[in-house]
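Below is one structure; the comments refer to it alone.
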Amino acid sequence: MVYFVVELDINRTISDISETKVNRFSNSPAGEHYSALTPSSVNPVIDRKTKPITSQSSKYQGNGLVGMRNLGNTCYMNSALQCLLHLEDLRDYFLENYFRSDVNSNTMTQGNFAEGFADLFQSVWSGNLNCIVPTNFKKLVNAYRPDFRGNDQQDSDEFLVFLLDALHEDLNKVKKKQPMKEQENEGKTQSEASYVAFINWESSNKSKISDLFYGQEMSTLTCTTCRHSSIRFDMICALVVPIPNVVHHCRLQDCLSLYTEGESIADWNCPKCRRNSKESIKKLDLIRTPKILIVTLKRFSKDFQQWTKRQTFVEYPKTGLRINGSTYKLVATVNHFGTVNGGHYTASVYHPDLKV
Ligand SMILES: [Zn+2]
């Protein structure tokens with residue numbers, strides 16, 4: 001199982017950039033298998049000692065080290081795309097055209113995202129290009145997400161969730177969706193309730209994307225007056241984790257612990273004691289782990305109507321990240337650096353065929 005991290009890092013100042021580099025694989029002891037890809041770069045970063053990929057497939061002419069032209073503040077899109085376009089689990093599916101039999105043209109996007117994404121995949125791995133210009137793909141995004149039109153800066157994590165959702169719908173094997181049943185979790189064991197919620201969701205959602213990226217999150221609300229608990233389940237394709245306050249340096253595991261620790265929620269009407277609980281606790285758990293886990297670091301919080309940002313340096317392991325019985329290996333990161341008024345995204349990806 002693999003994971004990648006999206007750093008939501010709008011406020012990072014220039015003086016922090018050197019610190020950011022510590023997180024970049026290319027400067028790390030294990031960096032030989034990673035390559036920093038700068039989305040706006042015309043010339044891809046290629047190590048001269050890189051051996052070519054010796055794949056039997058005609059689709060793998062290149063080594064995938066291809067730049068992506070910035071079309072005007074589109075680094076949020078390019079960095080997310082670079083991460084997805086280098087995931088081994090998606091490569092054969094799109095390059096060998098297996099996806100084609102899954103394309104569902106009855107969706108709102110009529111299969112266009114699946115086709116457009118496959119075109120990008122083929123361009124990146126064709127071996128014919130040093131840099132690709134994702135104009136057509138951006139037009140597609142603009143057509144279905146008007147708020148991404150123009151040259152405004154956007155959040156990479158928001159784009160990623162939108163794209164995975166669009167790809168999932170375009171590749172959904174369930175051609176006619178059933179209305180989602182209301183969850184009735186009272187009286188069921190946790191595993192039973194989780195299973196029923198998952199089966200209900202899966203009866204309308206079954207795609208290569210959901211198989212790989214979607215996990216099940218359980219939220220538990222507990223009334224502090226009578227201890228009554230209420231649980232519900234949601235399928236998510238990105239795990240958004242908070243960053244501990246105050247500390248300057250922490251590990252990703254600390255963020256994950258904080259995520260599962262729970263927080264106070266005001267004004268929840270407890271169905272059992274009917275009191276407006278002042279101190280109910282909302283706790284989250286990722287109980288069904290996806291094969292590919294996307295972790296978004298939540299660097300922003302709103303305290304007294306003012307947005308503040310955690311400047312904490314977060315260290316994440318290259319291998320051995322344990323979440324609920326699953327073990328993950330790091331394969332990509334999206335980094336943002338700049339100021340509150342503007343910045344730039346870059347991506348770093350794991351490249352299994354690179355040997356230095
Ligand atoms: Zn209660």
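Letters A, B, ... mark the chains of the structure tokens in the order given; residue numbers begin at 1 per chain; ligand numbers begin at 1, in order shown.
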Please check which protein, DNA or RNA residues sit within 6 Å of ligand 1, counting only C-alpha atoms and all ligand atoms, and write them as an mmCIF file with N, CA and C atoms, in the first residue's frame.
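So the final result, stored in result-v5.cif, reads:
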```
data_model
loop_
_atom_site.group_PDB
_atom_site.id
_atom_site.type_symbol
_atom_site.label_atom_id
_atom_site.label_comp_id
_atom_site.auth_asym_id
_atom_site.auth_seq_id
_atom_site.Cartn_x
_atom_site.Cartn_y
_atom_site.Cartn_z
ATOM 1 N N CYS A 223 -21.972 11.913 23.647
ATOM 2 C CA CYS A 223 -22.542 12.907 24.556
ATOM 3 C C CYS A 223 -21.793 12.815 25.891
ATOM 4 N N THR A 225 -22.748 14.084 28.602
ATOM 5 C CA THR A 225 -23.693 14.021 29.732
ATOM 6 C C THR A 225 -24.075 12.574 30.032
ATOM 7 N N CYS A 226 -24.518 11.840 28.986
ATOM 8 C CA CYS A 226 -24.988 10.471 29.253
ATOM 9 C C CYS A 226 -24.102 9.395 28.610
ATOM 10 N N HIS A 228 -23.864 8.561 25.626
ATOM 11 C CA HIS A 228 -24.445 7.927 24.440
ATOM 12 C C HIS A 228 -23.597 8.275 23.209
ATOM 13 N N CYS A 270 -28.254 15.496 21.706
ATOM 14 C CA CYS A 270 -28.118 14.074 21.963
ATOM 15 C C CYS A 270 -29.497 13.415 21.840
ATOM 16 N N LYS A 272 -30.492 10.667 22.935
ATOM 17 C CA LYS A 272 -30.873 9.875 24.102
ATOM 18 C C LYS A 272 -31.332 10.736 25.276
ATOM 19 N N CYS A 273 -30.502 11.635 25.717
ATOM 20 C CA CYS A 273 -30.901 12.439 26.881
ATOM 21 C C CYS A 273 -31.544 13.763 26.477
#
```
Who sits within 12 Å of Asn97 (chain A), only C-alpha atoms, same chain under 3 positions skipped, as a PyMOL selection string
chain A and resi 59+90-94+100-103+114-115+117-119+121-122
If you count only C-alpha atoms, which residues fall within 6 Å of Thr260 (chain A), apart from same-chain ones fewer than 3 positions away, as a ChimeraX atom specification?
/A:257,283-285
Grab the CA of Cys131 (chain A) to CA of Arg69 (chain A) distance for me, in Å with one decimal place.
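So the answer is 6.7 Å.
With CA of Thr222 (chain A) on one side and CA of Asn185 (chain A) on the other, the separation reads 14.1 Å.
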If you run DSSP on this backbone, which residues of region 146-299 of chain A come out as alpha helix (DSSP H), and could you give them as a PDB file with C-alpha atoms, in the first residue's frame?
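What landed in out38.pdb:
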```
ATOM      1  CA  SER A 156      -4.126  21.411  -4.987  1.00  0.00           C
ATOM      2  CA  ASP A 157      -5.942  19.145  -2.530  1.00  0.00           C
ATOM      3  CA  GLU A 158      -9.318  20.493  -3.634  1.00  0.00           C
ATOM      4  CA  PHE A 159      -8.445  19.849  -7.267  1.00  0.00           C
ATOM      5  CA  LEU A 160      -7.278  16.338  -6.428  1.00  0.00           C
ATOM      6  CA  VAL A 161     -10.536  15.396  -4.720  1.00  0.00           C
ATOM      7  CA  PHE A 162     -12.526  16.882  -7.607  1.00  0.00           C
ATOM      8  CA  LEU A 163     -10.463  14.976 -10.195  1.00  0.00           C
ATOM      9  CA  LEU A 164     -10.646  11.629  -8.403  1.00  0.00           C
ATOM     10  CA  ASP A 165     -14.387  12.044  -8.048  1.00  0.00           C
ATOM     11  CA  ALA A 166     -14.769  12.879 -11.758  1.00  0.00           C
ATOM     12  CA  LEU A 167     -12.572   9.925 -12.767  1.00  0.00           C
ATOM     13  CA  HIS A 168     -14.464   7.640 -10.423  1.00  0.00           C
ATOM     14  CA  GLU A 169     -17.808   8.621 -11.948  1.00  0.00           C
ATOM     15  CA  ASP A 170     -16.455   8.321 -15.497  1.00  0.00           C
ATOM     16  CA  GLN A 190     -19.338  -1.258  14.740  1.00  0.00           C
ATOM     17  CA  SER A 191     -18.059  -3.813  12.236  1.00  0.00           C
ATOM     18  CA  GLU A 192     -21.586  -4.743  11.170  1.00  0.00           C
ATOM     19  CA  ALA A 193     -22.599  -1.087  10.736  1.00  0.00           C
ATOM     20  CA  SER A 194     -19.379  -0.323   8.850  1.00  0.00           C
ATOM     21  CA  TYR A 195     -19.920  -3.278   6.519  1.00  0.00           C
ATOM     22  CA  VAL A 196     -23.563  -2.388   5.800  1.00  0.00           C
ATOM     23  CA  ALA A 197     -22.639   1.250   5.073  1.00  0.00           C
ATOM     24  CA  PHE A 198     -19.822   0.131   2.771  1.00  0.00           C
ATOM     25  CA  ILE A 199     -21.963  -2.365   0.854  1.00  0.00           C
ATOM     26  CA  ASN A 200     -24.653   0.278   0.449  1.00  0.00           C
ATOM     27  CA  TRP A 201     -22.111   2.728  -0.971  1.00  0.00           C
ATOM     28  CA  GLU A 202     -20.483   0.101  -3.177  1.00  0.00           C
ATOM     29  CA  LYS A 208     -10.771   1.327 -10.469  1.00  0.00           C
ATOM     30  CA  ILE A 209     -10.569   4.665  -8.634  1.00  0.00           C
ATOM     31  CA  SER A 210     -12.836   3.624  -5.766  1.00  0.00           C
ATOM     32  CA  ASP A 211     -10.966   0.311  -5.457  1.00  0.00           C
ATOM     33  CA  LEU A 212      -7.679   2.142  -5.037  1.00  0.00           C
ATOM     34  CA  PHE A 213      -8.357   5.484  -3.372  1.00  0.00           C
ATOM     35  CA  LEU A 252       3.004  12.492  10.599  1.00  0.00           C
ATOM     36  CA  GLN A 253       2.049   9.877  13.194  1.00  0.00           C
ATOM     37  CA  ASP A 254       1.457  12.740  15.666  1.00  0.00           C
ATOM     38  CA  CYS A 255      -0.990  14.304  13.187  1.00  0.00           C
ATOM     39  CA  LEU A 256      -2.728  10.951  12.780  1.00  0.00           C
ATOM     40  CA  SER A 257      -3.006  10.565  16.560  1.00  0.00           C
ATOM     41  CA  LEU A 258      -4.539  14.017  16.811  1.00  0.00           C
ATOM     42  CA  TYR A 259      -6.965  13.088  14.013  1.00  0.00           C
ATOM     43  CA  THR A 260      -8.229  10.078  15.986  1.00  0.00           C
ATOM     44  CA  GLU A 261      -8.138  11.835  19.359  1.00  0.00           C
TER      45      GLU A 261
END
```
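From CA of Thr346 (chain A) back to CA of Val246 (chain A), the distance works out to 26.7 Å.
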